[in-house]
Structure formats: structure tokens, C-alpha cells
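Q: The file below is final.cif, mmCIF, C-alpha atoms:
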data_input
#
loop_
_atom_site.label_atom_id
_atom_site.label_comp_id
_atom_site.auth_asym_id
_atom_site.auth_seq_id
_atom_site.Cartn_x
_atom_site.Cartn_y
_atom_site.Cartn_z
CA MET A 309 -28.10 15.71 8.50
CA ALA A 310 -30.48 18.59 7.75
CA GLY A 311 -27.53 20.85 6.92
CA LEU A 312 -26.11 18.23 4.56
CA SER A 313 -29.51 17.86 2.92
CA ALA A 314 -29.72 21.62 2.36
CA ILE A 315 -26.23 21.74 0.84
CA LEU A 316 -26.86 18.77 -1.45
CA GLY A 317 -30.44 19.67 -2.26
CA ALA A 318 -31.65 16.19 -1.33
CA LYS A 319 -34.28 14.96 1.08
CA PRO A 320 -32.96 13.91 4.50
CA SER A 321 -34.18 10.36 3.85
CA THR A 322 -32.09 10.23 0.64
CA VAL A 323 -28.98 11.44 2.44
CA LYS A 324 -29.56 8.94 5.26
CA GLU A 325 -29.97 6.10 2.76
CA ALA A 326 -26.79 7.12 0.89
CA LEU A 327 -24.75 7.27 4.09
CA THR A 328 -26.13 3.93 5.28
CA ARG A 329 -25.39 2.20 1.98
CA SER A 330 -21.90 3.73 1.86
CA PHE A 331 -21.13 2.53 5.37
CA HIS A 332 -22.33 -1.00 4.55
CA GLN A 333 -20.10 -1.05 1.49
CA TYR A 334 -16.96 0.37 3.14
CA TRP A 335 -17.06 -0.96 6.72
CA GLY A 336 -14.49 -3.67 5.93
CA GLY A 337 -12.06 -1.15 4.48
CA ILE A 338 -12.48 1.13 7.46
CA LEU A 339 -11.70 -1.71 9.87
CA THR A 340 -8.72 -2.84 7.79
CA GLY A 341 -7.17 0.62 8.04
CA VAL A 342 -7.64 0.68 11.81
CA PHE A 343 -6.15 -2.80 12.26
CA VAL A 344 -3.18 -2.18 9.96
CA VAL A 345 -2.24 1.02 11.79
CA GLY A 346 -2.56 -0.86 15.10
CA LEU A 347 -0.38 -3.64 13.73
CA ALA A 348 2.15 -1.04 12.55
CA LEU A 349 2.39 0.43 16.06
CA VAL A 350 2.96 -3.00 17.60
CA PHE A 351 5.44 -3.96 14.85
CA ASN A 352 7.50 -0.79 15.20
CA TYR A 353 7.39 -0.13 18.96
CA SER A 354 7.89 -3.74 20.05
CA GLY A 355 11.20 -3.96 18.22
CA MET A 356 9.99 -6.51 15.68
CA ALA A 357 10.71 -4.15 12.76
CA TYR A 358 14.29 -3.66 13.89
CA SER A 359 14.87 -7.34 14.63
CA LEU A 360 13.61 -8.23 11.17
CA ALA A 361 15.71 -5.42 9.68
CA TRP A 362 18.92 -6.89 11.10
CA LYS A 363 18.22 -10.17 9.32
CA ALA A 364 16.96 -8.53 6.10
CA ALA A 365 20.16 -6.49 5.98
CA ASP A 366 21.98 -9.75 5.17
CA LEU A 367 20.58 -9.34 1.66
CA SER A 368 22.71 -6.19 1.32
CA ALA A 369 22.19 -4.62 -2.13
CA LEU A 370 19.71 -7.35 -3.10
CA PHE A 371 17.29 -5.75 -0.65
CA ILE A 372 16.63 -3.11 -3.31
CA ILE A 373 14.83 -5.84 -5.25
CA VAL A 374 12.78 -6.87 -2.22
CA SER A 375 12.01 -3.39 -0.91
CA PRO A 376 9.21 -2.45 -3.35
CA ILE A 377 7.71 -5.92 -2.97
CA PHE A 378 7.11 -5.19 0.72
CA GLY A 379 5.28 -2.02 -0.28
CA TRP A 380 3.28 -3.84 -2.94
CA ILE A 381 2.18 -6.58 -0.54
CA GLY A 382 1.36 -4.10 2.22
CA CYS A 383 -0.85 -1.97 0.00
CA ALA A 384 -2.46 -4.94 -1.76
CA LEU A 385 -3.58 -6.18 1.67
CA SER A 386 -4.38 -2.91 3.41
CA GLY A 387 -5.42 -0.74 0.46
CA SER A 388 -3.45 2.20 1.80
CA ASN A 389 -0.04 3.61 0.99
CA THR A 390 -0.11 5.46 4.30
CA SER A 391 -0.77 2.26 6.24
CA THR A 392 1.96 0.47 4.32
CA ASN A 393 4.45 3.24 5.08
CA ALA A 394 3.44 3.17 8.75
CA LEU A 395 3.97 -0.59 8.79
CA PHE A 396 7.18 -0.90 6.78
CA GLY A 397 8.73 2.60 6.75
CA ALA A 398 10.89 2.26 9.86
CA PHE A 399 11.84 -1.26 8.82
CA GLN A 400 12.98 -0.03 5.38
CA VAL A 401 15.09 2.75 6.90
CA ALA A 402 16.62 0.37 9.42
CA VAL A 403 17.59 -2.11 6.70
CA ALA A 404 19.19 0.69 4.68
CA LYS A 405 21.19 1.93 7.68
CA VAL A 406 22.39 -1.52 8.72
CA SER A 407 23.31 -2.67 5.22
CA GLY A 408 24.84 0.61 4.07
CA LEU A 409 22.28 1.27 1.33
CA PRO A 410 21.22 4.83 0.47
CA ILE A 411 18.88 5.67 3.33
CA GLY A 412 16.17 7.30 1.22
CA LEU A 413 16.08 4.68 -1.52
CA THR A 414 14.42 1.78 0.28
CA PRO A 415 11.54 3.76 1.84
CA SER A 416 10.99 5.45 -1.54
CA LEU A 417 10.80 2.09 -3.27
CA ASN A 418 8.44 0.86 -0.53
CA SER A 419 6.12 3.80 -1.07
CA VAL A 420 6.10 3.59 -4.86
CA GLY A 421 5.66 -0.20 -4.68
CA ALA A 422 2.60 0.45 -2.54
CA GLU A 423 1.11 2.80 -5.10
CA VAL A 424 1.63 0.22 -7.82
CA ALA A 425 -0.54 -2.20 -5.81
CA LYS A 426 -3.49 0.17 -5.48
CA PRO A 427 -5.33 -1.26 -8.55
CA VAL A 428 -5.58 -4.68 -6.85
CA ALA A 429 -6.31 -3.52 -3.29
CA PRO A 430 -9.80 -4.62 -2.17
CA GLN A 431 -10.76 -1.21 -0.77
CA THR A 432 -9.70 0.58 -3.93
CA LEU A 433 -11.55 -1.91 -6.09
CA SER A 434 -14.68 -1.57 -3.98
CA ALA A 435 -14.62 2.21 -4.28
CA GLY A 436 -13.69 2.11 -7.94
CA VAL A 437 -16.55 -0.10 -9.04
CA SER A 438 -19.17 1.33 -6.68
CA THR A 439 -21.00 3.17 -9.43
CA THR A 440 -20.59 0.57 -12.17
CA SER A 441 -22.06 -2.79 -13.08
CA TYR A 442 -19.03 -4.47 -11.45
CA VAL A 443 -20.30 -4.08 -7.86
CA ARG A 444 -19.69 -7.42 -6.10
CA LYS A 445 -17.54 -8.45 -9.11
CA GLU A 446 -14.34 -6.79 -7.92
CA GLY A 447 -12.44 -10.03 -8.59
CA VAL A 448 -12.90 -9.57 -12.32
CA VAL A 449 -11.30 -6.13 -12.16
CA ALA A 450 -8.51 -7.40 -9.87
CA ARG A 451 -7.66 -10.24 -12.26
CA ASN A 452 -7.41 -7.77 -15.14
CA ASN A 453 -5.27 -5.35 -13.11
CA LEU A 454 -2.92 -7.90 -11.54
CA PRO A 455 -0.64 -8.54 -14.54
CA TRP A 456 -0.20 -4.80 -15.07
CA THR A 457 0.70 -4.18 -11.45
CA ILE A 458 3.27 -7.01 -11.57
CA LEU A 459 4.75 -5.54 -14.75
CA LEU A 460 4.96 -2.09 -13.16
CA LEU A 461 6.52 -3.60 -10.04
CA VAL A 462 9.26 -5.25 -12.11
CA TYR A 463 9.83 -1.94 -13.93
CA LEU A 464 10.06 -0.17 -10.56
CA ILE A 465 12.61 -2.71 -9.32
CA LEU A 466 14.73 -2.06 -12.41
CA ILE A 467 14.58 1.68 -11.82
CA GLY A 468 15.59 1.17 -8.17
CA VAL A 469 18.55 -0.97 -9.17
CA LEU A 470 19.63 1.62 -11.74
CA TYR A 471 19.45 4.41 -9.14
CA TYR A 472 21.50 2.33 -6.75
CA LEU A 473 24.15 1.57 -9.35
CA LEU A 474 24.31 4.93 -11.13
CA ALA A 475 23.30 7.61 -8.63
CA PRO A 476 23.21 6.35 -5.04
CA GLY A 477 24.15 9.81 -3.74
CA LEU A 478 20.73 11.16 -4.69
CA PHE A 479 19.17 9.22 -1.82
CA MET A 480 21.73 9.80 0.91
CA SER A 481 20.68 11.90 3.85
#
Have the structure of the file written as C-alpha cells, please.
A:
Amino acid sequence: MAGLSAILGAKPSTVKEALTRSFHQYWGGILTGVFVVGLALVFNYSGMAYSLAWKAADLSALFIIVSPIFGWIGCALSGSNTSTNALFGAFQVAVAKVSGLPIGLTPSLNSVGAEVAKPVAPQTLSAGVSTTSYVRKEGVVARNNLPWTILLLVYLILIGVLYYLLAPGLFMS
């Protein structure tokens, strides 16, 4: 802590207080990341992802509409694109393989759908408002962001459908 104080030019007590307050504000987000990655490991290595993929493949080309929604939901709950990709990435690839969709398209849509959800993710909101007057009022920001994320999600779905119809070879591996 003394080294950090020297680098920042702050008293050790100030650095300790800042770290303590930061931990109290972010502990829920830290735990969420740990639990989502744990859930992803269970989901993928137990075979649940592949079992679900076999059934989801019944949607065939309609899965392109659902694919970014999985990413959006995953990130809205976990706050992390990485966690969402760990949770749903193998599932998305498996659905694409089973249903004959371009293999790179569904995981791409999952990942971009996750990014679209970042403005309503609790961890992102908490970090985003941490230095404003909206601390502990993250719901206000989320309600303002939600319609825009839904609009962007619909736009993303349209782009995915267009890629599938016009240039599916771009996502083949």
C-alpha cells in the first residue's frame, strides 16, 4: 500500500479508504463474474449446452433471430461479454453445426448481442454512475437505457438475418 501511495501521491489512509469503498461497491459484481464462469463450466462440461443445442437446432434459420437475444440476456444478467461467451459460446457453435447455419454467425451475434446489453447490466451501471449523483439510483439510468438497447438488439437481428440471406459464406469456417 505504501508503494501505491507513493505512486498516487496520496496518504496511505486515503488509498486504504478508496480501496475499501471500491470493494464495498463492487463486491456483488465480482461474485457474479465468479458464479457465471462457474455456471458456464458446469453448463458446457456436463453436456447441458449440447443437449439444449440439439433442441434449439429445430429452429433452423430462425435461430439467427434468437442467437443475439441469448447474448443480450447473458450480459444483462452477468455484466460481462466474456462471461456470456463462456456460457453460451459452445452452445451457439453447436446449434450452428447441427442446424447447418454458418458456424461463425451465431457466436458473433451472441457476442454483439452481449455488448448491446452492457448499458443495462448492473455492474456496468454501478461503475458508470460511481462518480455521479446517480449512485444508488442505477435503476433510473437502466430505465433510460433499456429502450435503446432493445432498439439496437432489433437492428442487430436484422443485420444477422441479412448476412445469413445475402452472404452466409463470410461466416463459414
Q: What would the list of residues within 10 Å of (-19.5, -1.4, 0.9) (file frame) look like as a list in words, if all atoms listed in the file are what count?
A: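 Here the neighbourhood of the point contains Thr328, Arg329, Ser330, Phe331, His332, Gln333, Tyr334, Trp335, Gly336, Gly337, Ile338, Gln431, Ser434, Ala435, Ser438, Val443 and Arg444 of chain A.
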Q: Determine the axis-aligned bounding box of all atoms of region 338-356 of chain A present in the file, pad each side by 5 Å, and express its centre and edge lengths in Å to one decimal place as AutoDock Vina command-line options.
A:
--center_x -0.6 --center_y -2.7 --center_z 13.8 --size_x 33.7 --size_y 17.6 --size_z 22.6
Q: Could you tell me how far CA of Phe396 (chain A) sits from CA of Leu347 (chain A), in Å to one decimal place?
A: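 Atom-to-atom, CA of Leu347 (chain A) to CA of Phe396 (chain A), that is 10.6 Å.
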Q: Return as number ranges by chain the set of residues that the PyMOL selection byres ((chain A and resi 383) around 7) yields on the displayed structure.
A: A: 379-382, 384-389, 392, 422, 425-426, 429
Q: For Gln400 (chain A), work out the shell of residues within 12 Å, counting all atoms listed in the file and skipping chain neighbours fewer than 4 positions away, then give it as a PyMOL selection string.
A: chain A and resi 352+357-362+364-365+371-372+374-379+392-396+404-419
Q: Pull out every residue that the PyMOL selection byres ((chain A and resi 463) around 12) matches in the shown coordinates and put them as a PyMOL selection string.
A: chain A and resi 373+376-377+417+420-421+424+456-462+464-470
Q: Residues as selected, C-alpha atoms, written as a PDB file, in the coordinates of the input, can you do that?
A:
ATOM      1  CA  ILE A 373      14.830  -5.840  -5.250  1.00  0.00           C
ATOM      2  CA  PRO A 376       9.210  -2.450  -3.350  1.00  0.00           C
ATOM      3  CA  ILE A 377       7.710  -5.920  -2.970  1.00  0.00           C
ATOM      4  CA  LEU A 417      10.800   2.090  -3.270  1.00  0.00           C
ATOM      5  CA  VAL A 420       6.100   3.590  -4.860  1.00  0.00           C
ATOM      6  CA  GLY A 421       5.660  -0.200  -4.680  1.00  0.00           C
ATOM      7  CA  VAL A 424       1.630   0.220  -7.820  1.00  0.00           C
ATOM      8  CA  TRP A 456      -0.200  -4.800 -15.070  1.00  0.00           C
ATOM      9  CA  THR A 457       0.700  -4.180 -11.450  1.00  0.00           C
ATOM     10  CA  ILE A 458       3.270  -7.010 -11.570  1.00  0.00           C
ATOM     11  CA  LEU A 459       4.750  -5.540 -14.750  1.00  0.00           C
ATOM     12  CA  LEU A 460       4.960  -2.090 -13.160  1.00  0.00           C
ATOM     13  CA  LEU A 461       6.520  -3.600 -10.040  1.00  0.00           C
ATOM     14  CA  VAL A 462       9.260  -5.250 -12.110  1.00  0.00           C
ATOM     15  CA  LEU A 464      10.060  -0.170 -10.560  1.00  0.00           C
ATOM     16  CA  ILE A 465      12.610  -2.710  -9.320  1.00  0.00           C
ATOM     17  CA  LEU A 466      14.730  -2.060 -12.410  1.00  0.00           C
ATOM     18  CA  ILE A 467      14.580   1.680 -11.820  1.00  0.00           C
ATOM     19  CA  GLY A 468      15.590   1.170  -8.170  1.00  0.00           C
ATOM     20  CA  VAL A 469      18.550  -0.970  -9.170  1.00  0.00           C
ATOM     21  CA  LEU A 470      19.630   1.620 -11.740  1.00  0.00           C
TER      22      LEU A 470
END
Q: Evaluated on this file, the PyMOL selection byres ((chain A and resi 450) around 8) picks out some residues - which ones are they, written as a VMD selection string?
A: chain A and resid 427 to 429 433 446 to 449 451 to 454
Q: What's the separation between CA of Thr439 (chain A) and CA of Pro455 (chain A), in Å to one decimal place?
A: 24.0 Å
Q: Measuring atom to atom with all atoms listed in the file, identify which of A:Leu474, A:Leu327, A:Met480, A:Val403 is nearest to Asp366 (chain A).
A: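 Smallest distance to Asp366 (chain A) is found for A:Val403.
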Q: Just to confirm, what's the straight-line distance from CA of Gly397 (chain A) to CA of Ser354 (chain A) in Å (one decimal)?
A: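 CA of Ser354 (chain A) lies at a distance of 14.8 Å from CA of Gly397 (chain A).
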Q: Please, could N, CA, C and O atoms be added to region 402-423 of chain A and the result written as a short mmCIF file (atom, residue, chain, number, x, y, z; two decimals), in the frame of the given file?
A:
data_model
loop_
_atom_site.label_atom_id
_atom_site.label_comp_id
_atom_site.auth_asym_id
_atom_site.auth_seq_id
_atom_site.Cartn_x
_atom_site.Cartn_y
_atom_site.Cartn_z
N ALA A 402 15.68 1.14 8.61
CA ALA A 402 16.62 0.37 9.42
C ALA A 402 17.46 -0.57 8.57
O ALA A 402 18.67 -0.70 8.76
N VAL A 403 16.84 -1.23 7.60
CA VAL A 403 17.59 -2.11 6.70
C VAL A 403 18.64 -1.31 5.94
O VAL A 403 19.79 -1.74 5.81
N ALA A 404 18.25 -0.15 5.44
CA ALA A 404 19.19 0.69 4.68
C ALA A 404 20.37 1.10 5.56
O ALA A 404 21.52 1.03 5.12
N LYS A 405 20.10 1.50 6.78
CA LYS A 405 21.19 1.93 7.68
C LYS A 405 22.13 0.78 8.00
O LYS A 405 23.34 0.93 7.96
N VAL A 406 21.57 -0.38 8.32
CA VAL A 406 22.39 -1.52 8.72
C VAL A 406 23.21 -2.05 7.55
O VAL A 406 24.37 -2.42 7.71
N SER A 407 22.61 -2.08 6.37
CA SER A 407 23.31 -2.67 5.22
C SER A 407 24.12 -1.67 4.41
O SER A 407 24.80 -2.05 3.46
N GLY A 408 24.05 -0.39 4.77
CA GLY A 408 24.84 0.61 4.07
C GLY A 408 24.23 1.06 2.74
O GLY A 408 24.93 1.65 1.91
N LEU A 409 22.96 0.82 2.55
CA LEU A 409 22.28 1.27 1.33
C LEU A 409 21.93 2.75 1.48
O LEU A 409 21.87 3.27 2.59
N PRO A 410 21.69 3.45 0.37
CA PRO A 410 21.22 4.83 0.47
C PRO A 410 19.94 4.89 1.30
O PRO A 410 18.96 4.20 1.00
N ILE A 411 19.95 5.70 2.34
CA ILE A 411 18.88 5.67 3.33
C ILE A 411 17.52 6.05 2.76
O ILE A 411 16.50 5.52 3.17
N GLY A 412 17.46 6.91 1.79
CA GLY A 412 16.17 7.30 1.22
C GLY A 412 15.65 6.38 0.14
O GLY A 412 14.48 6.45 -0.22
N LEU A 413 16.49 5.50 -0.38
CA LEU A 413 16.08 4.68 -1.52
C LEU A 413 15.07 3.61 -1.13
O LEU A 413 14.05 3.44 -1.80
N THR A 414 15.32 2.88 -0.07
CA THR A 414 14.42 1.78 0.28
C THR A 414 13.03 2.25 0.71
O THR A 414 12.03 1.68 0.25
N PRO A 415 12.91 3.30 1.53
CA PRO A 415 11.54 3.76 1.84
C PRO A 415 10.84 4.33 0.60
O PRO A 415 9.62 4.18 0.46
N SER A 416 11.59 4.94 -0.30
CA SER A 416 10.99 5.45 -1.54
C SER A 416 10.45 4.30 -2.38
O SER A 416 9.34 4.37 -2.91
N LEU A 417 11.25 3.25 -2.50
CA LEU A 417 10.80 2.09 -3.27
C LEU A 417 9.60 1.42 -2.60
O LEU A 417 8.69 0.94 -3.28
N ASN A 418 9.58 1.40 -1.27
CA ASN A 418 8.44 0.86 -0.53
C ASN A 418 7.17 1.64 -0.87
O ASN A 418 6.13 1.06 -1.16
N SER A 419 7.28 2.95 -0.84
CA SER A 419 6.12 3.80 -1.07
C SER A 419 5.61 3.69 -2.51
O SER A 419 4.40 3.60 -2.75
N VAL A 420 6.52 3.69 -3.47
CA VAL A 420 6.10 3.59 -4.86
C VAL A 420 5.57 2.18 -5.15
O VAL A 420 4.60 2.01 -5.89
N GLY A 421 6.18 1.16 -4.55
CA GLY A 421 5.66 -0.20 -4.68
C GLY A 421 4.24 -0.30 -4.16
O GLY A 421 3.40 -1.01 -4.72
N ALA A 422 3.96 0.44 -3.09
CA ALA A 422 2.60 0.45 -2.54
C ALA A 422 1.62 1.08 -3.52
O ALA A 422 0.53 0.56 -3.73
N GLU A 423 2.01 2.16 -4.13
CA GLU A 423 1.11 2.80 -5.10
C GLU A 423 0.83 1.91 -6.29
O GLU A 423 -0.26 1.93 -6.85
#
